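Novice: Got a structure for you, questions after.
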Amino acid sequence: MSDKKPNDLKSMPDDHGHFGIYGGRYASETLMFALEQLEKTYNTLKETAEFREEFDRDLAHYVGRPSPLYFARRLSETWGGADIYLKREDLNHTGAHKVNNTIGQALLAKYTGKPRVIAETGAGQHGVASATVAARLGLKCVVYMGAEDIERQKLNVYRMKLLGAEVVSVKSGTRTLKDAMNEAMRDWVTNVDDTFYIIGTVAGPHPYPQLVRDFQAVIGREAKRQILEQTGALPDALVACVGGGSNAIGLFHEFLNDEEVDIYGVEAGGLGIESGQHAAPLSVGRPGVLHGNKTYLMADENGQIMGTHSVSAGLDYPGVGPEHSWLKDIGRVTYVDATDQEALAAFRELTLVEGIMPALESSHAVAYAKKLARKMGKGKRIIVNLSGRGDKDVHTVAAIDGLEI
């Protein structure tokens with residue numbers, strides 16, 4: 001393993017699943033064979049025309065890709081700075097970018113003959129996407145979800161149940177995404193022979209960070225082609241929210257070697273970084289091991305995982321995908337944060353000005369894009385990834401407004 005920066009930033013991870021000092025495979029002996037089998041299967045299938053054509057066909061005819069790249073003219077004029085282009089992942093089937101990855105992993109489950117899939121979810125979008133592809137392929141589906149997130153995302157819980165999934169309420173720890181992922185890992189260890197674990201973000205033991213990234217990279221490939229068609233030039237900046245980081249790396253990956261494009265990942269600043277009530281491991285965390293990979297974490301001086309806070313259930317995670325940790329260290333991506341209040345303000349502004357209701361996760365990216373647009377000024381172009389739609393968050397926003405729906 002070498003810490004030397006490669007000439008091709010898109011070539012990572014290395015043969016052992018490392019992004020610099022991050023990533024790797026920290027898993028129990030029981031899972032090692034399954035992970036090695038998954039890596040071998042994926043590396044073989046991704047080179048076959050049959051697998052690539054089936055994946056592309058499903059994205060086109062089931063997911064509804066390509067998603068539009070929308071020039072937000074009124075928002076750009078209102079902010080008075082750079083032109084804002086929105087990559088509309090919220091228009092995908094199931095309402096978020098998550099379905100790109102679940103389509104790919106469901107195909108891997110089918111090719112490996114596993115009749116049962118499990119997943120973990122925070123905001124519910126990955127759970128809905130997993131339940132959706134399981135229903136389509138006739139697979140048994142179990143989704144682990146923190147009890148706190150179940151309360152925040154009742155609509156998505158009901159959607160999963162309608163799709164035939166069993167939703168398991170996780171009541172340990174902080175009762176959020178971290179604890180749901182712990183329980184899903186325990187299930188996988190117990191049932192590894194007949195179960196495929198659909199991890200929802202670019203974290204976990206190798207090869208998950210790589211294969212989830214590869215399935216989500218369609219976002220950036222489309223965005224590059226679309227911005228060149230619409231403007232004749234690359235964007236000056238990209239902005240996406242980062243929890244685990246799958247929508248962000250999906251947009252960023254295609255542009256990593258384009259040094260003239262600045263890239264920003266926006267973490268959940270919660271009540272403010274200084275308050276300690278946030279979910280921003282890249283901003284204030286430190287390297288450690290969680291959920292099978294080495295990455296930046298929110299951990300105390302004894303290495304214990306700290307509690308997190310975000311108004312967005314989908315960003316409420318104390319770790320981050322290892323590729324983001326590496327991109328931070330080599331300085332290719334700048335990681336910043338937006339607070340709950342800034343995200344809520346962005347949620348309301350985009351809804352009112354463009355008639356587009358973003359997920360609270362995506363609202364963090366919109367909030368930072370507003371600051372960046374004014375700083376960059378007119379004549380510049382920013383692509384903001386709208387990772388999901390805000391329907392699922394209406395109850396959360398209404399409760400903040402003192403309303404019960």
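The chains in the structure tokens are called A, B, ... from first to last as shown; in each chain the residues are counted from 1, and the ligands are counted from 1 in the order shown.
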From a DSSP calculation on the backbone, collect every residue of region 104-283 of chain A in strand (DSSP E) and output the set as a PDB file with C-alpha atoms, in the first residue's frame.

Specialist:
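Dumped to part31.pdb:
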```pdb
ATOM      1  CA  ARG A 116     -32.844 -13.182   0.624  1.00  0.00           C
ATOM      2  CA  VAL A 117     -31.587  -9.598   0.808  1.00  0.00           C
ATOM      3  CA  ILE A 118     -31.069  -7.376   3.835  1.00  0.00           C
ATOM      4  CA  ALA A 119     -30.451  -3.655   4.053  1.00  0.00           C
ATOM      5  CA  GLU A 120     -30.055  -0.871   6.582  1.00  0.00           C
ATOM      6  CA  THR A 121     -31.569   2.561   6.207  1.00  0.00           C
ATOM      7  CA  LYS A 140     -37.345 -11.879   0.550  1.00  0.00           C
ATOM      8  CA  CYS A 141     -36.298  -8.513   2.025  1.00  0.00           C
ATOM      9  CA  VAL A 142     -35.509  -7.449   5.595  1.00  0.00           C
ATOM     10  CA  VAL A 143     -34.666  -3.800   6.359  1.00  0.00           C
ATOM     11  CA  TYR A 144     -33.025  -2.685   9.618  1.00  0.00           C
ATOM     12  CA  MET A 145     -33.922   0.833  10.746  1.00  0.00           C
ATOM     13  CA  GLY A 146     -33.284   2.760  13.946  1.00  0.00           C
ATOM     14  CA  GLU A 166     -40.017  -6.736   6.926  1.00  0.00           C
ATOM     15  CA  VAL A 167     -38.863  -3.601   8.772  1.00  0.00           C
ATOM     16  CA  VAL A 168     -36.922  -4.388  11.961  1.00  0.00           C
ATOM     17  CA  SER A 169     -36.863  -1.602  14.547  1.00  0.00           C
ATOM     18  CA  VAL A 170     -33.400  -1.209  16.111  1.00  0.00           C
ATOM     19  CA  THR A 195     -28.394 -13.697   2.167  1.00  0.00           C
ATOM     20  CA  PHE A 196     -27.043 -10.789   0.103  1.00  0.00           C
ATOM     21  CA  TYR A 197     -26.362  -7.599   2.079  1.00  0.00           C
ATOM     22  CA  ILE A 198     -27.300  -4.508   0.030  1.00  0.00           C
ATOM     23  CA  ALA A 237     -17.795  23.694  -9.141  1.00  0.00           C
ATOM     24  CA  LEU A 238     -19.734  20.662  -7.913  1.00  0.00           C
ATOM     25  CA  VAL A 239     -21.666  20.552  -4.625  1.00  0.00           C
ATOM     26  CA  ALA A 240     -23.270  17.526  -2.939  1.00  0.00           C
ATOM     27  CA  CYS A 241     -24.257  16.538   0.589  1.00  0.00           C
ATOM     28  CA  ASP A 262     -13.640  22.628  -7.697  1.00  0.00           C
ATOM     29  CA  ILE A 263     -15.498  20.027  -5.644  1.00  0.00           C
ATOM     30  CA  TYR A 264     -17.332  20.536  -2.342  1.00  0.00           C
ATOM     31  CA  GLY A 265     -18.877  17.943  -0.019  1.00  0.00           C
ATOM     32  CA  VAL A 266     -21.316  19.311   2.556  1.00  0.00           C
ATOM     33  CA  GLU A 267     -21.668  17.563   5.904  1.00  0.00           C
ATOM     34  CA  ALA A 268     -24.449  17.962   8.463  1.00  0.00           C
ATOM     35  CA  GLY A 269     -23.459  20.812  10.779  1.00  0.00           C
ATOM     36  CA  GLY A 270     -26.508  20.139  12.977  1.00  0.00           C
TER      37      GLY A 270
END
```

Novice: Go through region 224-273 of chain A and flag each residue having an atom no more than 10 Å from region 93-102 of chain A; for those, report the closest pair of atoms plus their distance in Å to one decimal, using only C-alpha atoms, ordered by chain and rising number, as CSV.

Specialist:
```
residue,atom,partner,partner_atom,distance
A:Ser246,CA,A:Lys98,CA,8.2
A:Asn247,CA,A:His97,CA,6.5
A:Gly250,CA,A:His97,CA,9.0
```

Novice: If you keep C-alpha atoms, can you produce a file of those selected residues as a PDB file, in the first residue's frame?

Specialist:
```pdb
ATOM      1  CA  SER A 246     -22.822   7.789  -2.075  1.00  0.00           C
ATOM      2  CA  ASN A 247     -24.630  10.567  -3.963  1.00  0.00           C
ATOM      3  CA  GLY A 250     -21.467   9.391  -7.639  1.00  0.00           C
TER       4      GLY A 250
END
```

Novice: Considering only C-alpha atoms, state which residue in the set A:Asn182, A:Ser325, A:Gln216, A:Ser310 is at the smallest distance from Gln341 (chain A).

Specialist: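 The closest residue to Gln341 (chain A) is A:Ser310.
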
Novice: Do you have the CA of Pro235 (chain A)-CA of Asp14 (chain A) distance handy?

Specialist: 28.7 Å

Novice: Tell me which protein, DNA and RNA residues are within 10 Å of region 275-285 of chain A, counting only C-alpha atoms, leaving out same-chain ones fewer than 3 positions away, and put them as a ChimeraX atom specification.

Specialist: /A:242-243,265-272,288,295-300,306-312,315-320,324-325,328-329,334-340

Novice: Kindly indicate which residue among A:Asn385, A:Asp258, A:Ala369, A:Val397 lies nearest to Asn7 (chain A), using only C-alpha atoms for the distances.

Specialist: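 Selected residue with least distance to Asn7 (chain A): A:Asp258.
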